[in-house]
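**Q** Quick one: the structure is below, and I'll ask about it shortly.
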Amino acid sequence: MVKEFGKWEVAEQETIADILKSMESDGRAEGALKPPSESEVEAMLDAEGKASLDKLKSASGKDFDKAYVTAQLDGHKKLLTIQEDYLKVGQNLEHLGVTKLARGQIKEQIDHLDMLKSKVG
């Protein structure tokens with residue numbers, strides 16, 4: 001179940017990153033998804049995110065599942081706060097629309113992660 005969640009998470013993050021990137025460019029819209037490279041993703045991580053990634057890279061089996069779910073749950077809770085704060089002050093119609101959609105998915109994912117955490121410990 002953790003692996004399935006991970007697949008969904010990657011697909012969602014690649015899609016959101018692609019949408020946000022396309023909103024910042026003046027180019028033509030495309031239907032093809034252009035996910036960020038691994039180096040682009042790692043460059044966006046703060047110190048806490050890099051430490052969490054290092055911990056995951058050194059874990060395996062149940063230890064990996066537990067660390068992954070914990071990191072995802074913590075990250076999603078922080079991300080929900082960011083989305084809710086932006087919805088209070090945001091002015092850009094497109095950004096607000098994406099934020100509203102993301103907020104709903106984040107809430108669903110927190111519920112899913114809470115369920116996974118109860119199963120992995």
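Ordering of the structure tokens sets the chain letters (A, B, ...); residue numbers start at 1 within each chain; ligands are numbered from 1 in the order shown.
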With stretch 79-97 of chain A as the partner and 12 Å as the cut-off, tabulate the residues of stretch 13-38 of chain A that qualify, each row holding the nearest pair of atoms and their distance in Å to one decimal, using only C-alpha atoms, sorted by chain and rising number, as CSV.
**A**
```
residue,atom,partner,partner_atom,distance
A:Ile16,CA,A:His95,CA,11.3
A:Ile19,CA,A:His95,CA,10.1
A:Leu20,CA,A:His95,CA,8.3
A:Lys21,CA,A:His95,CA,11.5
A:Ser22,CA,A:Glu94,CA,11.4
A:Met23,CA,A:Glu94,CA,8.1
A:Glu24,CA,A:His95,CA,10.4
```
**Q** Name the residues in contact with A:Lys119 at a cut-off of 12 Å, using only C-alpha atoms, excluding same-chain residues fewer than 5 positions from it; report them as a ChimeraX atom specification.
**A** /A:1-2,62,65-66,69-70,112-114
**Q** Here is a test: counting only C-alpha atoms, which residue of A:Leu73, A:Val98, A:Ala59, A:Leu116 is nearest to A:Ala17?
**A**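 Result for the nearest residue to A:Ala17: A:Val98.
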**Q** Run DSSP on the backbone and give me the residues of chain A it puts in helix (DSSP H, G or I), as a CSV table (one decimal) with N, CA, C and O atoms, in the first residue's frame.
**A**
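Saved file states.csv follows:
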```csv
chain,number,residue,atom,x,y,z
A,2,VAL,N,2.0,1.2,0.7
A,2,VAL,CA,2.9,2.4,0.7
A,2,VAL,C,3.5,2.6,-0.7
A,2,VAL,O,3.5,3.7,-1.1
A,3,LYS,N,3.8,1.5,-1.4
A,3,LYS,CA,4.4,1.7,-2.7
A,3,LYS,C,3.3,2.3,-3.7
A,3,LYS,O,3.7,3.1,-4.5
A,4,GLU,N,2.1,1.8,-3.6
A,4,GLU,CA,1.0,2.4,-4.4
A,4,GLU,C,0.8,3.9,-4.1
A,4,GLU,O,0.7,4.7,-5.0
A,5,PHE,N,0.8,4.3,-2.8
A,5,PHE,CA,0.7,5.7,-2.5
A,5,PHE,C,1.9,6.5,-3.1
A,5,PHE,O,1.7,7.5,-3.6
A,6,GLY,N,3.1,5.9,-3.0
A,6,GLY,CA,4.2,6.6,-3.6
A,6,GLY,C,4.1,6.8,-5.1
A,6,GLY,O,4.4,7.9,-5.6
A,7,LYS,N,3.5,5.8,-5.8
A,7,LYS,CA,3.3,6.0,-7.3
A,7,LYS,C,2.3,7.2,-7.5
A,7,LYS,O,2.5,8.0,-8.4
A,8,TRP,N,1.2,7.2,-6.7
A,8,TRP,CA,0.2,8.2,-6.9
A,8,TRP,C,0.8,9.6,-6.5
A,8,TRP,O,0.6,10.6,-7.2
A,9,GLU,N,1.7,9.6,-5.5
A,9,GLU,CA,2.3,10.9,-5.1
A,9,GLU,C,3.2,11.4,-6.2
A,9,GLU,O,3.2,12.6,-6.5
A,10,VAL,N,4.0,10.6,-6.7
A,10,VAL,CA,4.9,11.0,-7.8
A,10,VAL,C,4.1,11.5,-9.0
A,10,VAL,O,4.4,12.6,-9.5
A,11,ALA,N,3.1,10.8,-9.4
A,11,ALA,CA,2.3,11.3,-10.5
A,11,ALA,C,1.7,12.6,-10.2
A,11,ALA,O,1.6,13.5,-11.1
A,12,GLU,N,1.1,12.8,-9.0
A,12,GLU,CA,0.5,14.1,-8.7
A,12,GLU,C,1.5,15.2,-8.6
A,12,GLU,O,1.3,16.3,-9.2
A,13,GLN,N,2.7,15.0,-8.0
A,13,GLN,CA,3.7,16.0,-7.9
A,13,GLN,C,4.2,16.4,-9.3
A,13,GLN,O,4.5,17.6,-9.5
A,14,GLU,N,4.4,15.4,-10.2
A,14,GLU,CA,4.9,15.8,-11.5
A,14,GLU,C,3.8,16.6,-12.3
A,14,GLU,O,4.2,17.5,-13.0
A,15,THR,N,2.6,16.3,-12.1
A,15,THR,CA,1.5,17.0,-12.8
A,15,THR,C,1.4,18.4,-12.2
A,15,THR,O,1.4,19.4,-13.0
A,16,ILE,N,1.4,18.6,-10.9
A,16,ILE,CA,1.3,19.9,-10.3
A,16,ILE,C,2.6,20.8,-10.7
A,16,ILE,O,2.4,21.9,-11.1
A,17,ALA,N,3.7,20.2,-10.7
A,17,ALA,CA,5.0,20.9,-11.0
A,17,ALA,C,4.9,21.4,-12.5
A,17,ALA,O,5.2,22.5,-12.8
A,18,ASP,N,4.4,20.5,-13.3
A,18,ASP,CA,4.2,20.8,-14.8
A,18,ASP,C,3.2,22.0,-15.0
A,18,ASP,O,3.5,22.9,-15.7
A,19,ILE,N,2.1,21.9,-14.3
A,19,ILE,CA,1.1,23.0,-14.4
A,19,ILE,C,1.6,24.3,-13.9
A,19,ILE,O,1.5,25.3,-14.5
A,20,LEU,N,2.3,24.3,-12.7
A,20,LEU,CA,2.8,25.5,-12.2
A,20,LEU,C,3.9,26.1,-13.1
A,20,LEU,O,4.0,27.3,-13.3
A,21,LYS,N,4.7,25.2,-13.6
A,21,LYS,CA,5.8,25.7,-14.5
A,21,LYS,C,5.2,26.3,-15.8
A,21,LYS,O,5.6,27.3,-16.3
A,22,SER,N,4.1,25.7,-16.3
A,22,SER,CA,3.5,26.2,-17.5
A,22,SER,C,2.8,27.5,-17.3
A,22,SER,O,2.7,28.3,-18.2
A,23,MET,N,2.3,27.7,-16.1
A,23,MET,CA,1.6,29.0,-15.7
A,23,MET,C,2.6,30.1,-15.7
A,23,MET,O,2.3,31.3,-15.9
A,24,GLU,N,3.9,29.8,-15.5
A,24,GLU,CA,4.9,30.9,-15.4
A,24,GLU,C,5.5,31.2,-16.7
A,24,GLU,O,6.3,32.2,-16.9
A,38,GLU,N,15.5,14.8,-11.4
A,38,GLU,CA,15.8,14.5,-10.0
A,38,GLU,C,16.6,15.6,-9.4
A,38,GLU,O,16.5,16.0,-8.3
A,39,SER,N,17.6,16.2,-10.2
A,39,SER,CA,18.4,17.2,-9.7
A,39,SER,C,17.6,18.5,-9.5
A,39,SER,O,17.8,19.2,-8.5
A,40,GLU,N,16.5,18.8,-10.3
A,40,GLU,CA,15.7,19.9,-10.0
A,40,GLU,C,14.9,19.7,-8.7
A,40,GLU,O,14.7,20.7,-8.0
A,41,VAL,N,14.4,18.5,-8.5
A,41,VAL,CA,13.7,18.3,-7.3
A,41,VAL,C,14.6,18.4,-6.1
A,41,VAL,O,14.2,19.1,-5.1
A,42,GLU,N,15.7,17.8,-6.1
A,42,GLU,CA,16.7,17.9,-5.0
A,42,GLU,C,17.1,19.3,-4.7
A,42,GLU,O,17.3,19.7,-3.5
A,43,ALA,N,17.2,20.2,-5.7
A,43,ALA,CA,17.6,21.6,-5.6
A,43,ALA,C,16.5,22.4,-4.8
A,43,ALA,O,16.8,23.4,-4.2
A,44,MET,N,15.3,21.9,-4.9
A,44,MET,CA,14.2,22.6,-4.2
A,44,MET,C,14.0,22.2,-2.8
A,44,MET,O,13.2,22.8,-2.0
A,47,ALA,N,16.8,22.1,4.1
A,47,ALA,CA,17.7,21.2,4.9
A,47,ALA,C,16.9,20.0,5.5
A,47,ALA,O,17.4,18.9,5.5
A,48,GLU,N,15.7,20.3,6.0
A,48,GLU,CA,14.9,19.2,6.6
A,48,GLU,C,14.5,18.2,5.5
A,48,GLU,O,14.5,17.0,5.8
A,49,GLY,N,14.1,18.7,4.3
A,49,GLY,CA,13.8,17.7,3.2
A,49,GLY,C,15.0,16.9,2.8
A,49,GLY,O,14.8,15.7,2.5
A,50,LYS,N,16.2,17.5,2.7
A,50,LYS,CA,17.4,16.7,2.4
A,50,LYS,C,17.7,15.7,3.4
A,50,LYS,O,18.1,14.6,3.1
A,51,ALA,N,17.5,16.0,4.7
A,51,ALA,CA,17.8,15.1,5.8
A,51,ALA,C,16.8,13.9,5.7
A,51,ALA,O,17.2,12.8,5.9
A,52,SER,N,15.6,14.2,5.4
A,52,SER,CA,14.5,13.2,5.3
A,52,SER,C,14.8,12.3,4.1
A,52,SER,O,14.7,11.0,4.2
A,53,LEU,N,15.3,12.9,3.0
A,53,LEU,CA,15.6,12.1,1.8
A,53,LEU,C,16.8,11.2,2.1
A,53,LEU,O,16.8,10.0,1.7
A,54,ASP,N,17.8,11.7,2.8
A,54,ASP,CA,19.0,10.9,3.2
A,54,ASP,C,18.5,9.7,4.0
A,54,ASP,O,19.0,8.6,3.9
A,55,LYS,N,17.6,9.9,5.0
A,55,LYS,CA,17.1,8.9,5.9
A,55,LYS,C,16.4,7.8,5.0
A,55,LYS,O,16.6,6.6,5.3
A,56,LEU,N,15.6,8.2,4.1
A,56,LEU,CA,14.9,7.3,3.2
A,56,LEU,C,15.9,6.4,2.4
A,56,LEU,O,15.7,5.2,2.2
A,57,LYS,N,16.9,7.1,1.9
A,57,LYS,CA,17.9,6.4,1.0
A,57,LYS,C,18.6,5.3,1.8
A,57,LYS,O,19.1,4.3,1.2
A,61,GLY,N,12.7,-1.9,3.6
A,61,GLY,CA,11.7,-2.7,4.1
A,61,GLY,C,10.7,-1.9,5.0
A,61,GLY,O,10.3,-0.8,4.6
A,62,LYS,N,10.4,-2.5,6.2
A,62,LYS,CA,9.4,-1.8,7.1
A,62,LYS,C,9.9,-0.5,7.6
A,62,LYS,O,9.2,0.4,7.8
A,63,ASP,N,11.3,-0.4,7.8
A,63,ASP,CA,11.8,0.9,8.2
A,63,ASP,C,11.7,2.0,7.2
A,63,ASP,O,11.4,3.1,7.5
A,64,PHE,N,11.8,1.6,5.9
A,64,PHE,CA,11.6,2.6,4.9
A,64,PHE,C,10.1,3.0,4.8
A,64,PHE,O,9.8,4.2,4.8
A,65,ASP,N,9.2,2.0,4.9
A,65,ASP,CA,7.8,2.3,4.8
A,65,ASP,C,7.4,3.3,6.0
A,65,ASP,O,6.7,4.3,5.7
A,66,LYS,N,7.9,3.0,7.2
A,66,LYS,CA,7.6,3.9,8.3
A,66,LYS,C,8.1,5.3,8.2
A,66,LYS,O,7.4,6.3,8.4
A,67,ALA,N,9.4,5.4,7.7
A,67,ALA,CA,10.0,6.7,7.5
A,67,ALA,C,9.3,7.5,6.4
A,67,ALA,O,9.1,8.7,6.5
A,68,TYR,N,9.0,6.7,5.3
A,68,TYR,CA,8.3,7.4,4.2
A,68,TYR,C,7.0,7.9,4.6
A,68,TYR,O,6.7,9.1,4.3
A,69,VAL,N,6.2,7.1,5.2
A,69,VAL,CA,4.8,7.6,5.6
A,69,VAL,C,4.9,8.7,6.6
A,69,VAL,O,4.2,9.7,6.5
A,70,THR,N,5.8,8.7,7.6
A,70,THR,CA,6.0,9.8,8.5
A,70,THR,C,6.4,11.1,7.8
A,70,THR,O,5.8,12.1,8.1
A,71,ALA,N,7.4,11.0,6.9
A,71,ALA,CA,7.8,12.1,6.2
A,71,ALA,C,6.7,12.7,5.3
A,71,ALA,O,6.6,13.9,5.2
A,72,GLN,N,6.0,11.8,4.6
A,72,GLN,CA,4.9,12.3,3.8
A,72,GLN,C,3.8,13.0,4.6
A,72,GLN,O,3.3,14.0,4.2
A,73,LEU,N,3.5,12.4,5.7
A,73,LEU,CA,2.4,12.9,6.6
A,73,LEU,C,2.8,14.3,7.1
A,73,LEU,O,2.1,15.3,7.0
A,74,ASP,N,4.1,14.4,7.6
A,74,ASP,CA,4.6,15.7,8.1
A,74,ASP,C,4.6,16.8,7.0
A,74,ASP,O,4.1,17.9,7.1
A,75,GLY,N,5.1,16.3,5.8
A,75,GLY,CA,5.1,17.3,4.7
A,75,GLY,C,3.8,17.7,4.2
A,75,GLY,O,3.5,18.9,3.9
A,76,HIS,N,2.8,16.8,4.2
A,76,HIS,CA,1.5,17.1,3.7
A,76,HIS,C,0.8,18.1,4.7
A,76,HIS,O,0.0,19.0,4.3
A,77,LYS,N,1.0,17.9,6.0
A,77,LYS,CA,0.4,18.8,7.0
A,77,LYS,C,1.0,20.2,6.8
A,77,LYS,O,0.2,21.2,6.9
A,78,LYS,N,2.3,20.3,6.6
A,78,LYS,CA,2.9,21.6,6.3
A,78,LYS,C,2.4,22.2,5.0
A,78,LYS,O,2.1,23.4,5.0
A,79,LEU,N,2.2,21.4,4.0
A,79,LEU,CA,1.8,21.9,2.7
A,79,LEU,C,0.3,22.4,2.8
A,79,LEU,O,-0.1,23.4,2.2
A,80,LEU,N,-0.5,21.7,3.6
A,80,LEU,CA,-1.9,22.1,3.8
A,80,LEU,C,-1.9,23.5,4.5
A,80,LEU,O,-2.7,24.4,4.0
A,81,THR,N,-1.1,23.7,5.4
A,81,THR,CA,-1.0,25.1,6.1
A,81,THR,C,-0.6,26.1,5.1
A,81,THR,O,-1.2,27.2,5.0
A,82,ILE,N,0.3,25.8,4.2
A,82,ILE,CA,0.8,26.8,3.2
A,82,ILE,C,-0.4,27.1,2.2
A,82,ILE,O,-0.7,28.3,1.9
A,83,GLN,N,-1.1,26.1,1.8
A,83,GLN,CA,-2.2,26.3,0.9
A,83,GLN,C,-3.3,27.1,1.5
A,83,GLN,O,-3.9,28.1,0.9
A,84,GLU,N,-3.7,26.8,2.8
A,84,GLU,CA,-4.7,27.6,3.5
A,84,GLU,C,-4.3,29.0,3.7
A,84,GLU,O,-5.1,29.9,3.6
A,85,ASP,N,-3.0,29.2,4.0
A,85,ASP,CA,-2.5,30.6,4.2
A,85,ASP,C,-2.6,31.4,2.9
A,85,ASP,O,-3.0,32.5,2.8
A,86,TYR,N,-2.2,30.7,1.8
A,86,TYR,CA,-2.3,31.4,0.5
A,86,TYR,C,-3.7,31.7,0.1
A,86,TYR,O,-4.0,32.8,-0.5
A,87,LEU,N,-4.7,30.8,0.4
A,87,LEU,CA,-6.0,31.1,0.0
A,87,LEU,C,-6.6,32.3,0.7
A,87,LEU,O,-7.5,33.0,0.2
A,88,LYS,N,-6.0,32.7,1.8
A,88,LYS,CA,-6.4,33.9,2.5
A,88,LYS,C,-5.9,35.2,1.9
A,88,LYS,O,-6.6,36.3,2.1
A,89,VAL,N,-4.8,35.2,1.2
A,89,VAL,CA,-4.2,36.4,0.7
A,89,VAL,C,-4.0,36.4,-0.8
A,89,VAL,O,-3.7,37.4,-1.4
A,93,LEU,N,-6.0,34.6,-10.0
A,93,LEU,CA,-7.1,33.7,-10.2
A,93,LEU,C,-6.7,32.2,-10.5
A,93,LEU,O,-7.2,31.3,-9.9
A,94,GLU,N,-5.7,32.1,-11.4
A,94,GLU,CA,-5.2,30.8,-11.7
A,94,GLU,C,-4.5,30.1,-10.6
A,94,GLU,O,-4.8,28.9,-10.3
A,95,HIS,N,-3.7,30.8,-9.9
A,95,HIS,CA,-3.0,30.2,-8.7
A,95,HIS,C,-4.0,29.8,-7.6
A,95,HIS,O,-3.8,28.8,-7.0
A,96,LEU,N,-5.0,30.6,-7.4
A,96,LEU,CA,-6.0,30.3,-6.4
A,96,LEU,C,-6.8,29.0,-6.8
A,96,LEU,O,-7.1,28.2,-6.0
A,97,GLY,N,-7.1,28.9,-8.1
A,97,GLY,CA,-7.8,27.7,-8.6
A,97,GLY,C,-6.9,26.4,-8.3
A,97,GLY,O,-7.4,25.4,-7.8
A,98,VAL,N,-5.6,26.5,-8.7
A,98,VAL,CA,-4.8,25.4,-8.5
A,98,VAL,C,-4.6,25.1,-7.0
A,98,VAL,O,-4.7,23.9,-6.5
A,99,THR,N,-4.6,26.1,-6.1
A,99,THR,CA,-4.4,25.9,-4.7
A,99,THR,C,-5.7,25.3,-4.1
A,99,THR,O,-5.6,24.4,-3.3
A,100,LYS,N,-6.8,25.6,-4.6
A,100,LYS,CA,-8.1,25.0,-4.1
A,100,LYS,C,-8.1,23.5,-4.5
A,100,LYS,O,-8.5,22.7,-3.6
A,101,LEU,N,-7.7,23.2,-5.7
A,101,LEU,CA,-7.7,21.8,-6.1
A,101,LEU,C,-6.7,21.0,-5.3
A,101,LEU,O,-6.9,19.9,-4.8
A,102,ALA,N,-5.5,21.6,-5.1
A,102,ALA,CA,-4.4,21.0,-4.3
A,102,ALA,C,-4.8,20.7,-2.9
A,102,ALA,O,-4.6,19.7,-2.3
A,103,ARG,N,-5.5,21.7,-2.3
A,103,ARG,CA,-5.9,21.6,-0.9
A,103,ARG,C,-6.8,20.4,-0.7
A,103,ARG,O,-6.6,19.6,0.3
A,104,GLY,N,-7.7,20.2,-1.6
A,104,GLY,CA,-8.6,19.0,-1.5
A,104,GLY,C,-7.9,17.7,-1.6
A,104,GLY,O,-8.1,16.8,-0.8
A,105,GLN,N,-6.9,17.6,-2.5
A,105,GLN,CA,-6.1,16.4,-2.6
A,105,GLN,C,-5.2,16.2,-1.4
A,105,GLN,O,-5.0,15.1,-0.9
A,106,ILE,N,-4.7,17.3,-0.9
A,106,ILE,CA,-3.8,17.2,0.3
A,106,ILE,C,-4.6,16.7,1.5
A,106,ILE,O,-4.1,15.8,2.2
A,107,LYS,N,-5.8,17.1,1.7
A,107,LYS,CA,-6.6,16.6,2.8
A,107,LYS,C,-6.9,15.1,2.6
A,107,LYS,O,-6.8,14.4,3.6
A,108,GLU,N,-7.2,14.7,1.4
A,108,GLU,CA,-7.5,13.3,1.2
A,108,GLU,C,-6.2,12.5,1.5
A,108,GLU,O,-6.3,11.4,2.0
A,109,GLN,N,-5.1,13.0,1.0
A,109,GLN,CA,-3.8,12.3,1.2
A,109,GLN,C,-3.4,12.2,2.7
A,109,GLN,O,-2.9,11.2,3.1
A,110,ILE,N,-3.7,13.2,3.5
A,110,ILE,CA,-3.5,13.2,4.9
A,110,ILE,C,-4.3,12.0,5.5
A,110,ILE,O,-3.8,11.3,6.3
A,111,ASP,N,-5.6,11.9,5.1
A,111,ASP,CA,-6.4,10.8,5.7
A,111,ASP,C,-5.8,9.5,5.3
A,111,ASP,O,-5.8,8.6,6.1
A,112,HIS,N,-5.4,9.4,4.0
A,112,HIS,CA,-4.8,8.1,3.5
A,112,HIS,C,-3.5,7.8,4.3
A,112,HIS,O,-3.3,6.6,4.7
A,113,LEU,N,-2.7,8.8,4.5
A,113,LEU,CA,-1.4,8.6,5.2
A,113,LEU,C,-1.7,8.2,6.7
A,113,LEU,O,-0.9,7.4,7.2
A,114,ASP,N,-2.7,8.8,7.3
A,114,ASP,CA,-3.0,8.4,8.7
A,114,ASP,C,-3.4,7.0,8.7
A,114,ASP,O,-2.9,6.2,9.6
A,115,MET,N,-4.1,6.5,7.7
A,115,MET,CA,-4.5,5.1,7.7
A,115,MET,C,-3.2,4.2,7.5
A,115,MET,O,-3.0,3.2,8.1
A,116,LEU,N,-2.4,4.6,6.6
A,116,LEU,CA,-1.1,3.9,6.3
A,116,LEU,C,-0.2,3.8,7.6
A,116,LEU,O,0.4,2.8,7.9
A,117,LYS,N,-0.2,5.0,8.3
A,117,LYS,CA,0.7,5.0,9.5
A,117,LYS,C,0.2,4.1,10.5
A,117,LYS,O,1.0,3.4,11.2
A,118,SER,N,-1.1,3.9,10.6
A,118,SER,CA,-1.7,3.0,11.6
A,118,SER,C,-1.3,1.5,11.3
A,118,SER,O,-1.2,0.7,12.1
A,119,LYS,N,-1.1,1.3,10.0
A,119,LYS,CA,-0.7,-0.1,9.5
A,119,LYS,C,0.8,-0.4,9.6
A,119,LYS,O,1.2,-1.5,9.8
A,120,VAL,N,1.6,0.7,9.3
A,120,VAL,CA,3.1,0.4,9.3
A,120,VAL,C,3.7,0.7,10.7
A,120,VAL,O,4.9,0.4,10.9
```
